[in-house]
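Colleague: See upload-v4.cif below, with mmCIF, C-alpha atoms.
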```cif
data_model
#
loop_
_atom_site.label_atom_id
_atom_site.label_comp_id
_atom_site.auth_asym_id
_atom_site.auth_seq_id
_atom_site.Cartn_x
_atom_site.Cartn_y
_atom_site.Cartn_z
CA MET A 232 26.64 -120.25 77.27
CA ILE A 233 26.79 -124.07 77.58
CA LYS A 234 29.31 -126.25 75.76
CA VAL A 235 29.39 -130.05 75.95
CA GLU A 236 32.03 -132.10 74.13
CA ASN A 237 32.20 -135.91 73.97
CA LEU A 238 30.39 -136.38 77.26
CA CYS A 239 30.29 -139.92 78.68
CA VAL A 240 28.50 -140.93 81.87
CA LYS A 241 28.83 -144.44 83.27
CA TYR A 242 27.21 -146.46 86.04
CA GLY A 243 29.63 -149.28 86.68
CA ASN A 244 30.12 -151.01 83.35
CA PHE A 245 26.98 -149.49 81.85
CA THR A 246 27.41 -146.43 79.61
CA ALA A 247 24.36 -144.20 80.08
CA VAL A 248 25.66 -141.29 77.99
CA ASN A 249 27.98 -141.99 75.07
CA GLN A 250 30.04 -139.26 73.33
CA VAL A 251 27.38 -136.55 73.48
CA SER A 252 28.29 -133.08 72.15
CA PHE A 253 26.16 -129.94 71.80
CA GLN A 254 26.03 -126.24 72.63
CA VAL A 255 23.25 -124.12 74.11
CA ARG A 256 23.20 -120.49 73.09
CA GLU A 257 22.60 -117.64 75.47
CA GLY A 258 18.96 -116.60 75.61
CA GLU A 259 17.45 -119.71 73.99
CA ILE A 260 15.18 -122.49 75.20
CA PHE A 261 16.83 -125.82 74.46
CA GLY A 262 14.78 -129.02 74.67
CA LEU A 263 16.11 -132.52 75.22
CA ILE A 264 13.76 -135.40 74.37
CA GLY A 265 13.91 -139.18 74.29
CA ARG A 266 12.32 -142.21 75.88
CA ASN A 267 12.82 -143.04 79.56
CA GLY A 268 16.30 -144.46 79.81
CA ALA A 269 17.69 -142.60 76.80
CA GLY A 270 20.18 -140.67 78.97
CA LYS A 271 18.52 -137.24 79.15
CA THR A 272 18.49 -136.90 82.92
CA SER A 273 22.07 -138.19 83.22
CA VAL A 274 23.20 -135.46 80.80
CA ILE A 275 21.35 -132.71 82.65
CA GLU A 276 22.45 -133.84 86.12
CA THR A 277 26.06 -133.81 84.91
CA LEU A 278 25.63 -130.26 83.62
CA GLU A 279 24.16 -129.28 86.98
CA GLY A 280 27.19 -130.68 88.82
CA LEU A 281 25.12 -133.41 90.47
CA ARG A 282 26.78 -136.35 88.71
CA LYS A 283 30.37 -137.16 87.74
CA ARG A 284 31.33 -137.65 84.11
CA ALA A 285 33.57 -140.45 82.93
CA GLU A 286 34.87 -138.55 79.90
CA GLY A 287 34.41 -135.30 78.04
CA GLU A 288 34.41 -131.58 78.67
CA ILE A 289 31.62 -129.30 79.94
CA ARG A 290 31.55 -125.54 80.37
CA ILE A 291 28.62 -123.66 81.91
CA ASP A 292 29.18 -119.95 81.32
CA GLY A 293 32.89 -120.78 81.26
CA ILE A 294 32.79 -122.91 84.42
CA ASP A 295 33.56 -126.63 84.69
CA PRO A 296 30.69 -128.03 86.83
CA GLY A 297 32.67 -131.17 87.61
CA LYS A 298 35.19 -129.40 89.83
CA PRO A 299 34.16 -129.16 93.52
CA SER A 300 35.95 -125.81 93.81
CA ASN A 301 33.55 -124.38 91.19
CA LYS A 302 30.31 -125.30 92.97
CA SER A 303 29.71 -121.87 94.49
CA ALA A 304 30.32 -120.03 91.21
CA LEU A 305 28.19 -122.58 89.33
CA TYR A 306 25.18 -122.21 91.61
CA ASP A 307 25.43 -118.42 91.37
CA ARG A 308 24.67 -118.88 87.66
CA ILE A 309 22.19 -121.77 87.46
CA ALA A 310 18.91 -122.81 89.06
CA VAL A 311 17.28 -126.22 88.98
CA GLN A 312 13.65 -127.32 89.11
CA LEU A 313 13.63 -131.10 89.57
CA GLN A 314 10.90 -133.42 88.29
CA ASP A 315 9.97 -134.71 91.75
CA THR A 316 10.33 -131.54 93.81
CA MET A 317 8.64 -132.02 97.19
CA TYR A 318 8.04 -129.31 99.76
CA PRO A 319 6.70 -129.78 103.31
CA GLU A 320 2.92 -129.86 103.09
CA ARG A 321 2.56 -127.71 106.21
CA ALA A 322 5.00 -125.06 105.01
CA ARG A 323 3.54 -121.76 103.89
CA VAL A 324 4.41 -120.24 100.52
CA GLU A 325 6.02 -117.15 102.05
CA GLU A 326 8.05 -119.28 104.48
CA LEU A 327 9.55 -121.22 101.57
CA CYS A 328 10.32 -117.99 99.72
CA ARG A 329 12.14 -116.59 102.75
CA LEU A 330 14.08 -119.83 103.22
CA PHE A 331 15.20 -120.03 99.59
CA SER A 332 16.06 -116.30 99.55
CA SER A 333 18.33 -116.79 102.56
CA LEU A 334 20.29 -119.44 100.66
CA SER A 335 21.21 -117.10 97.80
CA ARG A 336 23.76 -114.30 97.75
CA ASN A 337 21.90 -112.45 94.99
CA SER A 338 18.24 -113.16 95.67
CA SER A 339 15.47 -111.41 93.77
CA PRO A 340 12.54 -109.90 95.74
CA TYR A 341 10.16 -112.82 96.17
CA SER A 342 7.13 -110.54 96.33
CA ASP A 343 7.79 -109.46 92.73
CA LEU A 344 8.09 -113.06 91.54
CA LEU A 345 4.94 -114.15 93.39
CA ALA A 346 3.05 -111.30 91.71
CA ARG A 347 4.42 -112.20 88.30
CA PHE A 348 3.28 -115.82 88.64
CA GLY A 349 -0.10 -114.93 90.14
CA LEU A 350 0.67 -116.26 93.61
CA THR A 351 0.50 -113.10 95.72
CA GLU A 352 -2.81 -114.10 97.26
CA LYS A 353 -1.32 -117.50 98.14
CA LYS A 354 1.54 -116.13 100.29
CA GLY A 355 -0.07 -117.35 103.48
CA ALA A 356 -1.34 -120.64 102.06
CA PHE A 357 0.08 -124.03 103.00
CA VAL A 358 1.66 -126.06 100.19
CA HIS A 359 -1.05 -128.71 100.46
CA GLN A 360 -3.66 -126.03 99.72
CA LEU A 361 -2.15 -125.21 96.31
CA SER A 362 -3.38 -126.68 93.04
CA GLY A 363 -1.00 -128.65 90.81
CA GLY A 364 -0.46 -125.61 88.59
CA GLN A 365 0.21 -123.35 91.57
CA LYS A 366 2.78 -125.81 92.94
CA GLN A 367 4.61 -125.83 89.63
CA LYS A 368 4.56 -122.03 89.52
CA LEU A 369 5.93 -121.99 93.07
CA SER A 370 8.77 -124.32 92.07
CA ILE A 371 9.72 -121.90 89.28
CA VAL A 372 9.51 -118.91 91.65
CA LEU A 373 11.82 -120.64 94.14
CA ALA A 374 14.26 -121.50 91.36
CA LEU A 375 14.29 -117.90 90.11
CA LEU A 376 14.94 -116.38 93.54
CA SER A 377 18.70 -116.74 93.02
CA ASP A 378 18.47 -114.59 89.85
CA PRO A 379 20.12 -117.26 87.66
CA LYS A 380 21.43 -116.92 84.12
CA ILE A 381 20.47 -120.51 83.29
CA LEU A 382 17.36 -122.42 84.35
CA PHE A 383 17.05 -126.22 84.20
CA LEU A 384 13.50 -127.59 84.10
CA ASP A 385 12.53 -131.28 84.25
CA GLU A 386 8.95 -132.26 83.30
CA ILE A 387 7.63 -128.85 84.35
CA THR A 388 4.01 -129.44 83.24
CA THR A 389 3.46 -132.98 84.53
CA GLY A 390 -0.01 -133.33 86.04
CA LEU A 391 -1.25 -129.93 84.88
CA ASP A 392 -4.43 -129.20 82.94
CA ALA A 393 -4.33 -127.53 79.53
CA HIS A 394 -4.86 -124.00 80.87
CA ALA A 395 -2.07 -124.30 83.45
CA ARG A 396 0.30 -125.75 80.86
CA HIS A 397 -0.32 -122.83 78.50
CA GLU A 398 0.38 -120.43 81.37
CA ILE A 399 3.73 -122.13 82.02
CA TRP A 400 4.59 -121.88 78.31
CA ASP A 401 3.89 -118.14 78.39
CA TYR A 402 6.08 -117.66 81.48
CA LEU A 403 9.00 -119.56 79.91
CA THR A 404 8.74 -117.56 76.69
CA ALA A 405 8.74 -114.31 78.66
CA LEU A 406 11.83 -115.39 80.63
CA LYS A 407 13.62 -116.19 77.37
CA GLU A 408 12.75 -112.79 75.95
CA GLU A 409 14.39 -111.26 79.02
CA GLY A 410 17.62 -113.08 78.16
CA MET A 411 17.44 -116.20 80.32
CA THR A 412 18.79 -119.49 78.96
CA ILE A 413 16.48 -122.45 79.65
CA ILE A 414 17.11 -126.18 79.30
CA LEU A 415 13.90 -128.21 79.26
CA ILE A 416 13.27 -131.96 79.55
CA SER A 417 9.71 -133.08 78.83
CA HIS A 418 7.77 -136.11 77.63
CA PHE A 419 5.04 -133.76 76.41
CA MET A 420 5.89 -132.96 72.82
CA ASP A 421 3.61 -129.92 72.78
CA ASP A 422 5.68 -128.43 75.65
CA ILE A 423 8.75 -128.68 73.43
CA GLU A 424 6.93 -127.48 70.30
CA ALA A 425 5.47 -124.45 72.08
CA THR A 426 8.65 -123.21 73.77
CA CYS A 427 11.93 -124.56 72.38
CA ASP A 428 14.16 -122.86 69.84
CA ARG A 429 16.23 -126.01 69.26
CA ILE A 430 15.74 -129.66 70.18
CA GLY A 431 18.10 -132.56 70.84
CA ILE A 432 16.86 -136.13 70.34
CA MET A 433 18.53 -138.82 72.44
CA GLN A 434 18.42 -142.57 71.96
CA LYS A 435 20.40 -145.24 73.84
CA GLY A 436 22.76 -142.70 75.38
CA ARG A 437 23.59 -140.91 72.14
CA LEU A 438 22.47 -137.58 70.72
CA LEU A 439 21.02 -138.68 67.38
CA HIS A 440 19.73 -135.38 66.02
CA LEU A 441 19.90 -131.69 66.90
CA GLY A 442 18.15 -128.70 65.33
CA THR A 443 15.03 -126.60 65.14
CA GLN A 444 11.72 -128.38 64.70
CA GLU A 445 11.72 -127.34 61.04
CA GLU A 446 15.22 -128.79 60.56
CA LEU A 447 14.25 -132.04 62.30
CA THR A 448 11.10 -132.28 60.18
CA ARG A 449 13.17 -131.99 57.01
CA LYS A 450 15.51 -134.73 58.25
CA SER A 451 12.52 -137.00 58.89
CA ASN A 452 11.26 -136.59 55.30
CA LEU A 453 7.71 -136.26 56.64
CA GLY A 454 7.11 -132.78 55.25
CA ARG A 455 3.66 -131.26 55.23
CA GLY A 456 0.29 -132.93 55.09
CA VAL A 457 -3.28 -132.17 54.10
CA GLU A 458 -6.51 -132.58 56.06
CA PHE A 459 -10.10 -132.31 54.82
CA VAL A 460 -13.58 -133.71 55.38
CA ALA A 461 -15.17 -135.81 52.61
CA GLN A 462 -17.07 -139.00 51.93
CA GLU A 463 -15.71 -142.39 52.97
CA GLY A 464 -14.00 -144.69 50.49
CA LEU A 465 -11.44 -142.36 48.87
CA ALA A 466 -8.28 -143.70 50.53
CA ASP A 467 -7.17 -146.07 47.77
CA ARG A 468 -7.64 -143.44 45.08
CA LEU A 469 -5.84 -140.78 47.11
CA LYS A 470 -2.84 -143.09 47.64
CA LYS A 471 -2.31 -143.19 43.86
CA ILE A 472 -1.65 -139.43 43.69
CA PRO A 473 2.11 -138.78 43.19
CA GLY A 474 3.82 -137.74 46.40
CA VAL A 475 1.24 -139.20 48.80
CA GLN A 476 2.96 -141.20 51.53
CA ASP A 477 0.05 -142.26 53.72
CA VAL A 478 -3.72 -141.74 53.99
CA ALA A 479 -5.64 -141.99 57.26
CA TYR A 480 -9.41 -141.73 57.60
CA ARG A 481 -11.29 -141.19 60.83
CA LYS A 482 -14.68 -139.68 61.59
CA ASP A 483 -15.20 -138.27 58.07
CA ARG A 484 -11.76 -136.61 58.10
CA TYR A 485 -8.86 -137.55 55.85
CA ARG A 486 -5.28 -136.87 56.87
CA ILE A 487 -2.69 -137.27 54.13
CA SER A 488 1.05 -137.20 54.77
CA SER A 489 3.74 -136.59 52.19
CA THR A 490 7.44 -135.93 51.73
CA GLU A 491 6.63 -132.97 49.48
CA GLU A 492 4.06 -130.22 48.91
CA ILE A 493 0.89 -131.93 47.67
CA ALA A 494 -1.99 -129.63 48.64
CA GLY A 495 -2.47 -128.46 45.05
CA ARG A 496 -2.57 -132.01 43.68
CA ILE A 497 -5.10 -133.12 46.29
CA ALA A 498 -7.37 -130.12 45.64
CA THR A 499 -7.17 -130.67 41.86
CA PHE A 500 -8.04 -134.35 42.27
CA LEU A 501 -11.08 -133.59 44.41
CA GLN A 502 -12.34 -130.95 42.00
CA ASP A 503 -11.74 -133.03 38.86
CA GLN A 504 -13.61 -135.96 40.42
CA ASN A 505 -16.49 -133.70 41.54
CA ILE A 506 -15.99 -134.83 45.13
CA SER A 507 -17.62 -132.63 47.75
CA TYR A 508 -15.21 -131.63 50.53
CA TYR A 509 -14.68 -128.92 53.16
CA SER A 510 -12.32 -127.86 56.01
CA PHE A 511 -9.36 -128.26 53.64
CA ALA A 512 -6.08 -127.28 55.33
CA THR A 513 -2.36 -127.99 55.15
CA THR A 514 -0.69 -129.42 58.26
CA GLN A 515 2.83 -129.60 59.65
CA SER A 516 4.04 -132.96 60.97
CA SER A 517 3.92 -133.00 64.76
CA LEU A 518 7.10 -133.33 66.77
CA GLU A 519 5.90 -136.71 68.02
CA GLU A 520 5.57 -137.92 64.42
CA VAL A 521 9.03 -136.56 63.62
CA PHE A 522 10.47 -138.28 66.70
CA MET A 523 8.94 -141.62 65.72
CA GLN A 524 10.19 -141.29 62.17
CA LEU A 525 13.76 -140.45 63.23
CA THR A 526 14.07 -143.02 66.02
CA GLY A 527 11.57 -145.75 65.18
CA GLU A 528 10.24 -145.43 68.72
CA LYS A 529 7.31 -143.91 70.58
CA ILE A 530 8.23 -141.22 73.10
CA GLY A 531 6.37 -142.93 75.95
CA GLU A 532 8.23 -146.23 75.69
CA GLN A 533 10.95 -147.27 78.12
CA GLU A 534 14.53 -147.92 77.04
CA GLU A 535 16.71 -150.34 78.90
CA GLY A 536 19.19 -148.53 81.10
CA ILE A 537 19.18 -145.41 83.25
CA ALA A 538 17.45 -142.13 82.45
#
```
If you convert what's in this file into C-alpha cells, what do you get?

Modeller:
Amino acid sequence: MIKVENLCVKYGNFTAVNQVSFQVREGEIFGLIGRNGAGKTSVIETLEGLRKRAEGEIRIDGIDPGKPSNKSALYDRIAVQLQDTMYPERARVEELCRLFSSLSRNSSPYSDLLARFGLTEKKGAFVHQLSGGQKQKLSIVLALLSDPKILFLDEITTGLDAHARHEIWDYLTALKEEGMTIILISHFMDDIEATCDRIGIMQKGRLLHLGTQEELTRKSNLGRGVEFVAQEGLADRLKKIPGVQDVAYRKDRYRISSTEEIAGRIATFLQDQNISYYSFATTQSSLEEVFMQLTGEKIGEQEEGIA
C-alpha cells in the first residue's frame, strides 16, 4: 500500500530525514515514534505530498505523491488529520460536514459518520461548544468524508481524557478491521501500544528500528518482568538472583526487570525464604521502556533539528 525507499528530506543544508525506507501494508495501523525533531513529521508530510523530497522513491497505492500531476489521484486515496487542526469557532458541525463533502468527488454520507462517532446530537452545535474529545472525533469524521483508503493521523489524542482516548482507540481499531490503512504519529506510547500493528522508531532523521512491539521488545533485551507486594529491604537479595537486571521498590511494590523469564526463580526465592508476598504477576516491558532502551532517550525530549 505504501512503499518508501531511501527517502531524504532537506531544509537548506540540514538533512531532516536521512535514507529512510519502510513499507506499510494494506489494512494495518502503522505507528511512527521519536522525539520532537527526529524527522517523523517531515516523513509523513512528504508521503502526503505536502513537502518535497531531496532523494528517494515513494509510492502511495502506486502513486508518486511528489508529482504535481498526481495530486488529484493522491487525494482521492488519502485523508489527513493534522496535529493543529483549527476550525472556525462559530461554524456549526453540520456546516463543516457539508463544506468538506462538497470538496470530495466520492464523499460518504456525513450523517452516517456523525452517528458512528456519537455526534448526531451535535449537528447544530458550534465548534466552540464541543469538548476536546468531540473536536477530535469531528476531525476524524471530516477526514473520512472523502472515503479514503489511507488515513494519516498526527497526535490524535492530545488533550483528551482517558475515556475519550479509549474511544478513539476503539474507532481506529474498527476502521482497520474494515480494511483501512492508518499511519499514526503520537507522543503517547499507550496510543501506539493500543492500536498499532507495527512501529517505526526514528532518531536524528533515521529509522533505527521497525517491527511489532514484541519484536522491538526482543531487540531491546528487556524481556518480561515481575511485580509483587512484600516487605521493604529485599532489593539487594533479589538482585543476586540469576537473570535479574534491575529491582525497583515503591510503595510496598517491587518491580523486577530481566532479559529472560525469571518469574519461577523469584517465586521460589520468596517461598524458600519464607517471605510473605501477594499480588504476584508477570509484566511486559512498556513501549516507553523499550524506546528508551533502544535509543538512550526519553520520548518527551527535544532533538535538535526539524520535526

Colleague: A:Pro299, A:Gln444, A:Phe261, A:Ser273: which is nearest Thr246 in chain A, counting only C-alpha atoms?

Modeller: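 Nearest candidate to Thr246 in chain A out of A:Pro299, A:Gln444, A:Phe261, A:Ser273: A:Ser273.
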
Colleague: Please report the interatomic distance between CA of Cys239 in chain A and CA of Glu424 in chain A in Å with one decimal.

Modeller: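 So the two atoms, CA of Cys239 in chain A and CA of Glu424 in chain A, lie 27.8 Å apart.
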
Colleague: Applied to the shown file, which residues does the PyMOL selection byres ((chain A and resi 483) around 8) return, written as a ChimeraX atom specification?

Modeller: /A:460-463,480-482,484-485

Colleague: Apply the PyMOL selection byres ((chain A and resi 291-293) around 6) to the structure shown and report the selected residues as a ChimeraX atom specification.

Modeller: /A:232-233,290,294

Colleague: Any chance you could resolve the PyMOL selection byres ((chain A and resi 396) around 12) against this file and give the residues as a ChimeraX atom specification?

Modeller: /A:363-365,367-368,386-395,397-403,419,421-423,425-426

Colleague: With C-alpha atoms retained, write the just-selected residues as a compact mmCIF listing (two decimals), in the frame of the given file.

Modeller:
```
# COMPACT_ATOMS: atom_id res chain seq x y z
CA GLY A 363 -1.00 -128.65 90.81
CA GLY A 364 -0.46 -125.61 88.59
CA GLN A 365 0.21 -123.35 91.57
CA GLN A 367 4.61 -125.83 89.63
CA LYS A 368 4.56 -122.03 89.52
CA GLU A 386 8.95 -132.26 83.30
CA ILE A 387 7.63 -128.85 84.35
CA THR A 388 4.01 -129.44 83.24
CA THR A 389 3.46 -132.98 84.53
CA GLY A 390 -0.01 -133.33 86.04
CA LEU A 391 -1.25 -129.93 84.88
CA ASP A 392 -4.43 -129.20 82.94
CA ALA A 393 -4.33 -127.53 79.53
CA HIS A 394 -4.86 -124.00 80.87
CA ALA A 395 -2.07 -124.30 83.45
CA HIS A 397 -0.32 -122.83 78.50
CA GLU A 398 0.38 -120.43 81.37
CA ILE A 399 3.73 -122.13 82.02
CA TRP A 400 4.59 -121.88 78.31
CA ASP A 401 3.89 -118.14 78.39
CA TYR A 402 6.08 -117.66 81.48
CA LEU A 403 9.00 -119.56 79.91
CA PHE A 419 5.04 -133.76 76.41
CA ASP A 421 3.61 -129.92 72.78
CA ASP A 422 5.68 -128.43 75.65
CA ILE A 423 8.75 -128.68 73.43
CA ALA A 425 5.47 -124.45 72.08
CA THR A 426 8.65 -123.21 73.77
```

Colleague: Need to verify the contact set: Leu382 in chain A, 9 Å, only C-alpha atoms, exclusion of same-chain residues closer than 5 positions in sequence. Can you return it as an mmCIF file with C-alpha atoms, keeping the file's coordinate frame?

Modeller:
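Output contents, as saved in out_26.cif:
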```
data_model
loop_
_atom_site.group_PDB
_atom_site.id
_atom_site.type_symbol
_atom_site.label_atom_id
_atom_site.label_comp_id
_atom_site.auth_asym_id
_atom_site.auth_seq_id
_atom_site.Cartn_x
_atom_site.Cartn_y
_atom_site.Cartn_z
ATOM 1 C CA ARG A 308 24.670 -118.880 87.660
ATOM 2 C CA ILE A 309 22.190 -121.770 87.460
ATOM 3 C CA ALA A 310 18.910 -122.810 89.060
ATOM 4 C CA VAL A 311 17.280 -126.220 88.980
ATOM 5 C CA GLN A 312 13.650 -127.320 89.110
ATOM 6 C CA ALA A 374 14.260 -121.500 91.360
ATOM 7 C CA LEU A 375 14.290 -117.900 90.110
ATOM 8 C CA MET A 411 17.440 -116.200 80.320
ATOM 9 C CA THR A 412 18.790 -119.490 78.960
ATOM 10 C CA ILE A 413 16.480 -122.450 79.650
ATOM 11 C CA ILE A 414 17.110 -126.180 79.300
ATOM 12 C CA LEU A 415 13.900 -128.210 79.260
#
```

Colleague: Box time for range 454-462 of chain A: axis-aligned, enclosing all its listed atoms, 6 Å extra on each side; report centre and edge lengths in Å to one decimal, as JSON.

Modeller:
```
{"center_x": -5.0, "center_y": -135.1, "center_z": 54.0, "size_x": 36.2, "size_y": 19.7, "size_z": 16.1}
```

Colleague: Give me, as an MDAnalysis selection string, all polymer residues having an atom no more than 8 Å from Lys234 in chain A, counting only C-alpha atoms and skipping those fewer than 2 positions away in the same chain.

Modeller: chainID A and resid 232 236 252:255 288:291

Colleague: Between A:Leu525, A:Leu238, A:Leu281, A:Leu330, which has the minimum distance to Leu439 in chain A (counting all atoms listed in the file)?

Modeller: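 Result for the nearest residue to Leu439 in chain A: A:Leu525.
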
Colleague: Excluding Thr277 in chain A and any residue of its chain fewer than 3 positions from it, enumerate the residues within 9 Å of it, using only C-alpha atoms, and give them as a PyMOL selection string.

Modeller: chain A and resi 240+272-274+280-284+289+296-297

Colleague: Tell me, in Å to one decimal, how far CA of Gln502 in chain A is from CA of Gln515 in chain A.

Modeller: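 Going from CA of Gln502 in chain A over to CA of Gln515 in chain A covers 23.3 Å.
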
Colleague: My list of candidates is A:Cys328, A:Leu334, A:Gly258, A:Arg323. Which is closest to Lys353 in chain A when distances are computed with all atoms listed in the file?

Modeller: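 Closest residue, counting all atoms listed in the file: A:Arg323.
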